[in-house]
>>> print(open('work-v7.tsv').read())   # TSV, C-alpha atoms
chain	number	residue	atom	x	y	z
A	647	MET	CA	117.96	22.84	16.49
A	648	THR	CA	116.88	21.09	19.69
A	649	GLU	CA	113.75	18.96	19.51
A	650	ASN	CA	111.70	17.28	22.22
A	651	GLY	CA	110.01	13.96	21.62
A	652	ILE	CA	110.10	10.20	21.98
A	653	LEU	CA	113.26	8.14	21.53
A	654	LEU	CA	112.76	4.40	21.13
A	655	ILE	CA	115.06	1.50	20.41
A	656	ALA	CA	113.84	-2.00	19.54
A	657	ASP	CA	116.50	-4.67	20.00
A	658	ILE	CA	116.52	-8.37	19.13
A	659	SER	CA	117.58	-10.46	22.13
A	660	GLY	CA	119.68	-13.55	21.51
A	661	TYR	CA	121.38	-12.16	18.40
A	662	THR	CA	124.92	-12.59	19.75
A	663	GLU	CA	124.44	-16.32	20.38
A	664	PHE	CA	122.54	-16.53	17.10
A	665	ILE	CA	125.61	-15.65	15.01
A	666	LYS	CA	128.41	-17.31	16.97
A	667	LEU	CA	130.06	-18.85	13.95
A	668	HIS	CA	133.73	-18.10	14.57
A	669	ASN	CA	134.52	-21.65	15.69
A	670	LEU	CA	132.86	-23.11	12.61
A	671	ALA	CA	134.88	-20.82	10.35
A	672	LYS	CA	138.10	-22.29	11.75
A	673	LYS	CA	137.21	-25.83	10.71
A	674	PRO	CA	139.21	-27.14	7.73
A	675	ILE	CA	137.99	-27.50	4.14
A	676	PHE	CA	134.34	-26.44	4.35
A	677	GLY	CA	134.30	-24.48	7.61
A	678	ALA	CA	134.63	-21.00	6.14
A	679	ALA	CA	132.07	-21.69	3.40
A	680	LEU	CA	129.56	-23.07	5.89
A	681	ALA	CA	130.08	-20.14	8.25
A	682	LYS	CA	129.48	-17.70	5.41
A	683	ASN	CA	126.27	-19.50	4.45
A	684	PHE	CA	125.05	-19.66	8.05
A	685	GLU	CA	125.85	-15.98	8.58
A	686	SER	CA	123.81	-15.18	5.47
A	687	HIS	CA	120.85	-17.07	6.95
A	688	ALA	CA	121.24	-15.25	10.27
A	689	SER	CA	121.36	-11.79	8.67
A	690	THR	CA	118.36	-12.60	6.43
A	691	ILE	CA	116.19	-13.68	9.36
A	692	VAL	CA	117.18	-10.68	11.51
A	693	ALA	CA	116.60	-8.25	8.63
A	694	ASP	CA	113.15	-9.75	8.04
A	695	LEU	CA	112.28	-9.44	11.74
A	696	LEU	CA	113.54	-5.85	11.94
A	697	GLU	CA	111.56	-4.91	8.82
A	698	THR	CA	108.46	-6.32	10.50
A	699	VAL	CA	109.10	-4.19	13.59
A	700	ILE	CA	109.67	-1.08	11.47
A	701	ASP	CA	106.37	-1.62	9.65
A	702	ALA	CA	104.59	-1.80	13.02
A	703	VAL	CA	106.27	1.27	14.53
A	704	GLU	CA	106.03	3.65	11.58
A	705	PRO	CA	104.49	6.17	11.06
A	706	SER	CA	103.98	6.88	14.79
A	707	LEU	CA	107.77	7.09	15.04
A	708	ARG	CA	110.33	7.67	12.33
A	709	LEU	CA	113.15	5.19	11.78
A	710	ASN	CA	116.47	6.97	12.32
A	711	LYS	CA	118.88	4.10	11.72
A	712	LEU	CA	119.47	0.37	11.91
A	713	GLU	CA	122.13	-0.62	14.43
A	714	GLY	CA	122.97	-4.28	13.76
A	715	ASP	CA	120.28	-6.17	15.63
A	716	ALA	CA	118.37	-3.03	16.65
A	717	ALA	CA	116.27	-0.24	15.12
A	718	PHE	CA	116.34	3.30	16.55
A	719	PHE	CA	113.26	5.51	16.17
A	720	PHE	CA	112.25	9.02	17.16
A	721	SER	CA	109.36	11.47	17.02
A	722	SER	CA	108.89	15.17	17.77
A	723	SER	CA	106.18	17.78	17.61
A	724	LYS	CA	106.78	17.89	13.84
A	725	ILE	CA	107.30	14.18	13.20
A	726	GLY	CA	105.10	11.28	14.29
A	727	SER	CA	103.46	11.09	17.70
A	728	THR	CA	104.64	12.32	21.10
A	729	SER	CA	101.76	10.63	22.95
A	730	GLY	CA	103.19	8.09	25.38
A	731	ASN	CA	99.92	6.13	25.40
A	732	GLU	CA	99.95	5.85	21.62
A	733	ILE	CA	103.58	4.73	21.69
A	734	VAL	CA	102.73	2.00	24.23
A	735	ASP	CA	100.09	0.74	21.78
A	736	VAL	CA	102.71	0.80	19.03
A	737	MET	CA	105.14	-1.15	21.22
A	738	ALA	CA	102.47	-3.80	21.74
A	739	GLN	CA	101.84	-3.97	17.99
A	740	ALA	CA	105.59	-4.33	17.36
A	741	ASN	CA	105.84	-7.25	19.79
A	742	GLU	CA	102.80	-8.94	18.30
A	743	ALA	CA	104.10	-8.50	14.75
A	744	PHE	CA	107.57	-9.76	15.75
A	745	ASN	CA	106.18	-12.92	17.34
A	746	LYS	CA	103.87	-13.56	14.40
A	747	LYS	CA	106.79	-13.24	12.00
A	748	LEU	CA	108.77	-15.75	14.08
A	749	SER	CA	105.82	-18.13	13.82
A	750	ASP	CA	105.55	-17.55	10.05
A	751	LEU	CA	109.27	-18.32	9.67
A	752	ALA	CA	109.08	-21.64	11.51
A	753	PHE	CA	109.84	-23.47	8.24
A	754	VAL	CA	113.47	-22.22	8.31
A	755	GLN	CA	114.19	-24.72	11.09
A	756	ALA	CA	114.15	-27.41	8.40
A	757	CYS	CA	117.44	-25.95	7.15
A	758	GLY	CA	119.33	-27.45	10.06
A	759	CYS	CA	122.00	-24.76	10.43
A	760	GLU	CA	122.51	-23.18	13.84
A	761	PRO	CA	120.91	-19.77	13.09
A	762	CYS	CA	117.82	-21.39	11.59
A	763	THR	CA	117.28	-23.94	14.35
A	764	GLN	CA	117.87	-21.29	17.04
A	765	SER	CA	115.73	-18.58	15.42
A	766	LYS	CA	112.75	-19.62	17.58
A	767	ASN	CA	114.67	-18.32	20.63
A	768	LEU	CA	114.91	-14.74	19.39
A	769	ARG	CA	112.89	-12.16	21.32
A	770	LEU	CA	112.24	-8.41	21.19
A	771	LYS	CA	113.01	-5.86	23.88
A	772	ILE	CA	112.06	-2.19	23.65
A	773	CYS	CA	113.42	0.85	25.51
A	774	ALA	CA	111.72	4.25	25.35
A	775	HIS	CA	112.48	7.72	26.67
A	776	LYS	CA	111.01	11.20	26.32
A	777	GLY	CA	113.65	13.87	26.06
A	778	ASN	CA	115.59	16.41	24.05
A	779	PHE	CA	117.83	15.82	21.07
A	780	SER	CA	119.46	17.67	18.22
A	781	LEU	CA	118.38	16.64	14.74
A	782	ASN	CA	120.84	17.39	11.95
A	783	THR	CA	120.77	16.38	8.31
A	784	ILE	CA	124.10	15.29	6.84
A	785	ARG	CA	123.64	14.69	3.12
A	786	ASN	CA	120.60	12.38	3.04
A	787	PHE	CA	120.99	11.13	6.61
A	788	GLU	CA	119.30	12.36	9.78
A	789	GLU	CA	121.66	12.33	12.73
A	790	LEU	CA	120.36	12.53	16.30
A	791	SER	CA	122.64	13.63	19.11
A	792	GLY	CA	122.45	14.63	22.74
A	793	GLU	CA	122.52	13.19	26.24
A	794	ASP	CA	119.01	11.73	25.97
A	795	VAL	CA	119.96	9.83	22.81
A	796	ILE	CA	122.90	8.28	24.68
A	797	LEU	CA	120.68	7.46	27.67
A	798	THR	CA	118.19	5.62	25.46
A	799	HIS	CA	120.97	3.40	24.11
A	800	ARG	CA	122.53	2.88	27.56
A	801	MET	CA	119.20	1.45	28.77
A	802	LEU	CA	119.92	-1.69	26.76
A	803	LYS	CA	123.10	-2.26	28.77
A	804	ASN	CA	121.41	-3.34	31.98
A	805	ASP	CA	121.51	-6.32	34.34
A	806	ILE	CA	117.97	-7.49	33.58
A	807	SER	CA	117.97	-11.25	33.02
A	808	SER	CA	114.80	-11.31	30.89
A	809	SER	CA	115.17	-11.40	27.11
A	810	GLU	CA	111.75	-9.88	26.34
A	811	TYR	CA	110.64	-6.70	28.07
A	812	TRP	CA	109.80	-3.02	27.90
A	813	LEU	CA	111.94	-0.52	29.76
A	814	VAL	CA	110.96	3.16	29.91
A	815	THR	CA	112.30	6.21	31.72
A	816	ASP	CA	110.37	8.24	34.27
A	817	ALA	CA	110.06	11.06	31.72
A	818	PHE	CA	108.21	8.69	29.38
A	819	TYR	CA	106.27	6.99	32.19
A	820	LYS	CA	104.85	10.30	33.44
A	821	THR	CA	103.09	10.86	30.09
A	822	LEU	CA	101.04	7.66	30.46
A	823	ASN	CA	97.51	7.24	31.74
A	824	THR	CA	96.85	5.23	34.90
A	825	GLU	CA	96.02	2.03	33.01
A	826	ASN	CA	99.35	2.03	31.20
A	827	LYS	CA	101.31	3.10	34.28
A	828	ASN	CA	99.98	0.07	36.13
A	829	LYS	CA	101.63	-2.22	33.59
A	830	PHE	CA	105.09	-1.26	34.83
A	831	THR	CA	107.18	-1.94	37.91
A	832	THR	CA	109.69	0.62	39.19
A	833	ILE	CA	113.32	-0.55	39.18
A	834	THR	CA	116.75	1.09	39.45
A	835	GLN	CA	119.60	0.39	37.07
A	836	ASP	CA	123.22	1.49	37.17
A	837	LEU	CA	123.78	2.79	33.63
A	838	GLU	CA	127.18	3.68	32.23
A	839	SER	CA	127.82	7.46	32.49
A	840	PHE	CA	124.46	8.01	34.21
A	841	ASP	CA	124.97	6.16	37.54
A	842	LYS	CA	121.75	4.91	39.16
A	843	VAL	CA	118.66	5.68	37.09
A	844	LYS	CA	115.04	5.08	38.07
A	845	LEU	CA	113.30	3.13	35.31
A	846	ASN	CA	110.00	1.38	34.72
A	847	PHE	CA	110.02	-2.25	33.66
A	848	MET	CA	107.53	-4.69	32.20
A	849	GLU	CA	108.42	-8.31	31.44
A	850	LEU	CA	106.50	-9.88	28.56
A	851	GLY	CA	107.39	-13.58	28.50
A	852	SER	CA	105.76	-14.57	25.21
A	853	PRO	CA	105.44	-18.34	24.65
A	854	MET	CA	107.67	-20.16	22.20
A	855	PRO	CA	106.39	-19.39	18.67
A	856	ARG	CA	104.40	-22.21	17.14
A	857	ASN	CA	102.91	-22.74	13.70
A	858	GLU	CA	100.73	-25.83	13.55
A	859	GLN	CA	100.32	-25.71	9.78
A	860	ILE	CA	104.08	-25.71	9.23
A	861	GLU	CA	104.58	-28.39	11.87
A	862	LYS	CA	102.14	-30.64	10.01
A	863	GLN	CA	104.09	-30.32	6.78
A	864	SER	CA	106.87	-32.76	5.98
A	865	ARG	CA	110.45	-31.76	6.71
A	866	ALA	CA	111.23	-32.17	3.00
A	867	TYR	CA	108.50	-29.68	2.06
A	868	ASN	CA	109.69	-27.20	4.69
A	869	TRP	CA	113.26	-27.65	3.46
A	870	ILE	CA	112.12	-26.59	-0.02
A	871	LEU	CA	110.34	-23.58	1.51
A	872	GLN	CA	113.44	-22.43	3.37
A	873	ALA	CA	115.65	-22.93	0.31
A	874	GLY	CA	113.30	-20.75	-1.73
A	875	TYR	CA	113.12	-18.14	1.04
A	876	PHE	CA	116.88	-17.70	1.38
A	877	GLY	CA	117.39	-17.97	-2.37
A	878	ALA	CA	114.91	-15.16	-3.02
A	879	GLN	CA	116.58	-12.96	-0.40
A	880	MET	CA	120.01	-13.57	-1.94
A	881	PHE	CA	118.71	-12.71	-5.41
A	882	ARG	CA	117.13	-9.52	-4.05
A	883	LYS	CA	120.42	-8.43	-2.48
A	884	LYS	CA	122.29	-8.97	-5.73
A	885	ARG	CA	119.72	-6.86	-7.61
A	886	VAL	CA	120.08	-4.03	-5.11
A	887	ARG	CA	123.84	-4.01	-5.59
>>> encode(input="work-v7.tsv", output="structure tokens")
Amino acid sequence: MTENGILLIADISGYTEFIKLHNLAKKPIFGAALAKNFESHASTIVADLLETVIDAVEPSLRLNKLEGDAAFFFSSSKIGSTSGNEIVDVMAQANEAFNKKLSDLAFVQACGCEPCTQSKNLRLKICAHKGNFSLNTIRNFEELSGEDVILTHRMLKNDISSSEYWLVTDAFYKTLNTENKNKFTTITQDLESFDKVKLNFMELGSPMPRNEQIEKQSRAYNWILQAGYFGAQMFRKKRVR
């Protein structure tokens, strides 16, 4: 059955650089072990950030699936909200929650590994579209398909240099009130399989996350905090298995 609603994807910028550990893995003796440990830290931080975004976006939109460093959401007349103005508010809440979580996780920088020290550079970008899609249930999984689903994902593959922005289609933009429309600038992007597409762009440019309380604590204390944080996450994963 074809549905009409909002399609939204929230993607963590900087993830590729964040997990570039292949060179470390090639180093003799301890390289592979260190790379595995660093990769575990990277995946833990990203999972925590994505969970924070999901908490902010639901229940206005339903999570469809996690896609590595991104979360894909949707709504329809039967599920969540199809109000563009409400979704813009949700996008703002997601960005605020993401940046707060980055600030709360500032203690991980005491670890010293590349993912932990570079975590402060991670940012969130969000693409949204209003369109049609087919929703099918395969066992316990909801699968979305259709041209508009592909378009929403293609929007991430653009030539925008910013790492933190909102990008919405004209179909989504037209549902907004004047106040929200004025937040965006019209641009054109050449998207794979869709040629030139008129889109609406807003750059956010949040400041580098800071946490004065954590910065005042000793490095040794923060090191203990990060060790407990990653240890708890590892224990939780083992319990789930």
>>> residues_around(input="work-v7.tsv", residues="Ala693 of chain A", least_positions_apart="5", cutoff="10 Å", atoms="all atoms listed in the file", output="JSON, numbers by chain")
{"A": [687, 688, 698, 699, 712, 714, 715, 716]}
>>> closest_residue(input="work-v7.tsv", among="A:Val843, A:Ala752, A:Cys773, A:Leu871", to="Gln859 of chain A", atoms="all atoms listed in the file")
A:Ala752
>>> residues_around(input="work-v7.tsv", residues="Glu810 of chain A", least_positions_apart="2", cutoff="8 Å", atoms="only C-alpha atoms", output="list of chain:residue names")
A:Ser659, A:Arg769, A:Leu770, A:Lys771, A:Ser808, A:Trp812, A:Glu849, A:Leu850, A:Gly851, A:Ser852
>>> residues_around(input="work-v7.tsv", residues="segment 780-788 of chain A", least_positions_apart="5", cutoff="10 Å", atoms="only C-alpha atoms", output="PDB file with C-alpha atoms, keeping the file's coordinate frame")
ATOM      1  CA  MET A 647     117.960  22.840  16.490  1.00  0.00           C
ATOM      2  CA  THR A 648     116.880  21.090  19.690  1.00  0.00           C
ATOM      3  CA  GLU A 649     113.750  18.960  19.510  1.00  0.00           C
ATOM      4  CA  ASN A 650     111.700  17.280  22.220  1.00  0.00           C
ATOM      5  CA  LEU A 709     113.150   5.190  11.780  1.00  0.00           C
ATOM      6  CA  ASN A 710     116.470   6.970  12.320  1.00  0.00           C
ATOM      7  CA  LYS A 711     118.880   4.100  11.720  1.00  0.00           C
ATOM      8  CA  GLU A 793     122.520  13.190  26.240  1.00  0.00           C
ATOM      9  CA  ASP A 794     119.010  11.730  25.970  1.00  0.00           C
ATOM     10  CA  VAL A 795     119.960   9.830  22.810  1.00  0.00           C
TER      11      VAL A 795
END
>>> atom_distance(input="work-v7.tsv", atom1="atom CA of Val703 of chain A", atom2="atom CA of Phe719 of chain A")
8.3 Å
>>> closest_residue(input="work-v7.tsv", among="A:Asp805, A:Thr815, A:Asn745, A:Gln879", to="Met854 of chain A", atoms="only C-alpha atoms")
A:Asn745
>>> residues_around(input="work-v7.tsv", residues="segment 726-732 of chain A", least_positions_apart="4", cutoff="12 Å", atoms="all atoms listed in the file", output="count of residues only")
40
>>> atom_distance(input="work-v7.tsv", atom1="atom CA of Phe718 of chain A", atom2="atom CA of Ser765 of chain A")
21.9 Å
>>> axis_aligned_box(input="work-v7.tsv", around="segment 733-736 of chain A", padding_each_side="4 Å", output="lines of an AutoDock Vina configuration file")
center_x = 101.8
center_y = 2.7
center_z = 21.6
size_x = 11.5
size_y = 12.0
size_z = 13.2
>>> residues_near_point(input="work-v7.tsv", point="(104.4, -21.0, 10.3)", cutoff="10 Å", atoms="all atoms listed in the file", output="ChimeraX atom specification")
/A:746-754,855-863,868
>>> write_last_selection(input="work-v7.tsv", atoms="C-alpha atoms", output="compact mmCIF listing (two decimals), keeping the file's coordinate frame")
# COMPACT_ATOMS: atom_id res chain seq x y z
CA LYS A 746 103.87 -13.56 14.40
CA LYS A 747 106.79 -13.24 12.00
CA LEU A 748 108.77 -15.75 14.08
CA SER A 749 105.82 -18.13 13.82
CA ASP A 750 105.55 -17.55 10.05
CA LEU A 751 109.27 -18.32 9.67
CA ALA A 752 109.08 -21.64 11.51
CA PHE A 753 109.84 -23.47 8.24
CA VAL A 754 113.47 -22.22 8.31
CA PRO A 855 106.39 -19.39 18.67
CA ARG A 856 104.40 -22.21 17.14
CA ASN A 857 102.91 -22.74 13.70
CA GLU A 858 100.73 -25.83 13.55
CA GLN A 859 100.32 -25.71 9.78
CA ILE A 860 104.08 -25.71 9.23
CA GLU A 861 104.58 -28.39 11.87
CA LYS A 862 102.14 -30.64 10.01
CA GLN A 863 104.09 -30.32 6.78
CA ASN A 868 109.69 -27.20 4.69
>>> closest_residue(input="work-v7.tsv", among="A:Met848, A:Gln755, A:Gly792, A:Ser723", to="Ile691 of chain A", atoms="only C-alpha atoms")
A:Gln755
>>> atom_distance(input="work-v7.tsv", atom1="atom CA of Asp694 of chain A", atom2="atom CA of Leu790 of chain A")
24.8 Å
>>> closest_residue(input="work-v7.tsv", among="A:Ala740, A:Thr831, A:Cys757, A:Ile655", to="Ile796 of chain A", atoms="only C-alpha atoms")
A:Ile655
>>> closest_residue(input="work-v7.tsv", among="A:Ala743, A:Leu845, A:Ile725, A:Ala878", to="Ala702 of chain A", atoms="only C-alpha atoms")
A:Ala743
>>> decode(input="work-v7.tsv", residues="segment 689-766 of chain A", atoms="C-alpha atoms", output="mmCIF file, in the first residue's frame")
data_model
loop_
_atom_site.group_PDB
_atom_site.id
_atom_site.type_symbol
_atom_site.label_atom_id
_atom_site.label_comp_id
_atom_site.auth_asym_id
_atom_site.auth_seq_id
_atom_site.Cartn_x
_atom_site.Cartn_y
_atom_site.Cartn_z
ATOM 1 C CA SER A 689 30.866 2.655 17.671
ATOM 2 C CA THR A 690 29.872 3.243 21.314
ATOM 3 C CA ILE A 691 29.978 7.030 20.958
ATOM 4 C CA VAL A 692 28.078 7.011 17.651
ATOM 5 C CA ALA A 693 25.442 4.626 19.020
ATOM 6 C CA ASP A 694 24.961 6.884 22.049
ATOM 7 C CA LEU A 695 24.583 9.954 19.832
ATOM 8 C CA LEU A 696 22.133 8.211 17.490
ATOM 9 C CA GLU A 697 20.062 7.004 20.445
ATOM 10 C CA THR A 698 19.883 10.604 21.652
ATOM 11 C CA VAL A 699 18.640 11.731 18.227
ATOM 12 C CA ILE A 700 16.053 8.943 18.128
ATOM 13 C CA ASP A 701 14.712 9.944 21.537
ATOM 14 C CA ALA A 702 14.280 13.521 20.277
ATOM 15 C CA VAL A 703 12.601 12.588 16.985
ATOM 16 C CA GLU A 704 10.167 9.952 18.229
ATOM 17 C CA PRO A 705 7.187 9.818 18.465
ATOM 18 C CA SER A 706 6.652 12.558 15.847
ATOM 19 C CA LEU A 707 8.380 10.239 13.380
ATOM 20 C CA ARG A 708 8.916 6.506 13.559
ATOM 21 C CA LEU A 709 12.407 5.046 13.316
ATOM 22 C CA ASN A 710 12.576 2.768 10.285
ATOM 23 C CA LYS A 711 16.201 1.650 10.473
ATOM 24 C CA LEU A 712 19.727 2.518 11.517
ATOM 25 C CA GLU A 713 22.130 2.883 8.611
ATOM 26 C CA GLY A 714 25.641 2.958 10.084
ATOM 27 C CA ASP A 715 26.102 6.580 11.103
ATOM 28 C CA ALA A 716 22.525 7.582 10.215
ATOM 29 C CA ALA A 717 18.943 7.021 11.370
ATOM 30 C CA PHE A 718 16.053 6.923 8.882
ATOM 31 C CA PHE A 719 12.578 7.980 10.041
ATOM 32 C CA PHE A 720 9.129 8.280 8.495
ATOM 33 C CA SER A 721 5.571 9.302 9.270
ATOM 34 C CA SER A 722 2.211 9.031 7.509
ATOM 35 C CA SER A 723 -1.409 9.880 8.130
ATOM 36 C CA LYS A 724 -1.532 6.799 10.387
ATOM 37 C CA ILE A 725 1.864 7.129 12.050
ATOM 38 C CA GLY A 726 3.369 10.176 13.746
ATOM 39 C CA SER A 727 3.013 13.696 12.381
ATOM 40 C CA THR A 728 2.842 14.962 8.802
ATOM 41 C CA SER A 729 3.030 18.627 9.862
ATOM 42 C CA GLY A 730 6.149 20.179 8.359
ATOM 43 C CA ASN A 731 6.211 22.877 11.044
ATOM 44 C CA GLU A 732 6.137 20.278 13.806
ATOM 45 C CA ILE A 733 8.914 18.332 12.103
ATOM 46 C CA VAL A 734 11.072 21.486 11.925
ATOM 47 C CA ASP A 735 10.625 21.830 15.699
ATOM 48 C CA VAL A 736 11.633 18.190 16.084
ATOM 49 C CA MET A 737 14.723 18.754 13.923
ATOM 50 C CA ALA A 738 15.725 21.629 16.194
ATOM 51 C CA GLN A 739 15.225 19.435 19.269
ATOM 52 C CA ALA A 740 17.344 16.694 17.678
ATOM 53 C CA ASN A 741 20.205 19.112 17.017
ATOM 54 C CA GLU A 742 20.019 20.525 20.524
ATOM 55 C CA ALA A 743 19.969 17.052 22.084
ATOM 56 C CA PHE A 744 22.872 15.911 19.875
ATOM 57 C CA ASN A 745 25.050 18.868 20.855
ATOM 58 C CA LYS A 746 24.187 18.470 24.532
ATOM 59 C CA LYS A 747 25.155 14.808 24.393
ATOM 60 C CA LEU A 748 28.482 15.750 22.800
ATOM 61 C CA SER A 749 29.043 18.173 25.674
ATOM 62 C CA ASP A 750 28.083 15.521 28.243
ATOM 63 C CA LEU A 751 30.564 13.087 26.662
ATOM 64 C CA ALA A 752 33.492 15.503 26.832
ATOM 65 C CA PHE A 753 35.164 13.259 29.441
ATOM 66 C CA VAL A 754 35.899 10.600 26.769
ATOM 67 C CA GLN A 755 38.661 12.836 25.416
ATOM 68 C CA ALA A 756 40.726 11.771 28.426
ATOM 69 C CA CYS A 757 40.987 8.340 26.799
ATOM 70 C CA GLY A 758 43.487 9.626 24.262
ATOM 71 C CA CYS A 759 42.524 7.359 21.354
ATOM 72 C CA GLU A 760 41.719 8.970 18.009
ATOM 73 C CA PRO A 761 37.920 8.450 18.076
ATOM 74 C CA CYS A 762 37.644 9.863 21.592
ATOM 75 C CA THR A 763 39.820 12.917 21.000
ATOM 76 C CA GLN A 764 38.064 13.641 17.683
ATOM 77 C CA SER A 765 34.515 13.065 18.960
ATOM 78 C CA LYS A 766 34.117 16.818 19.600
#
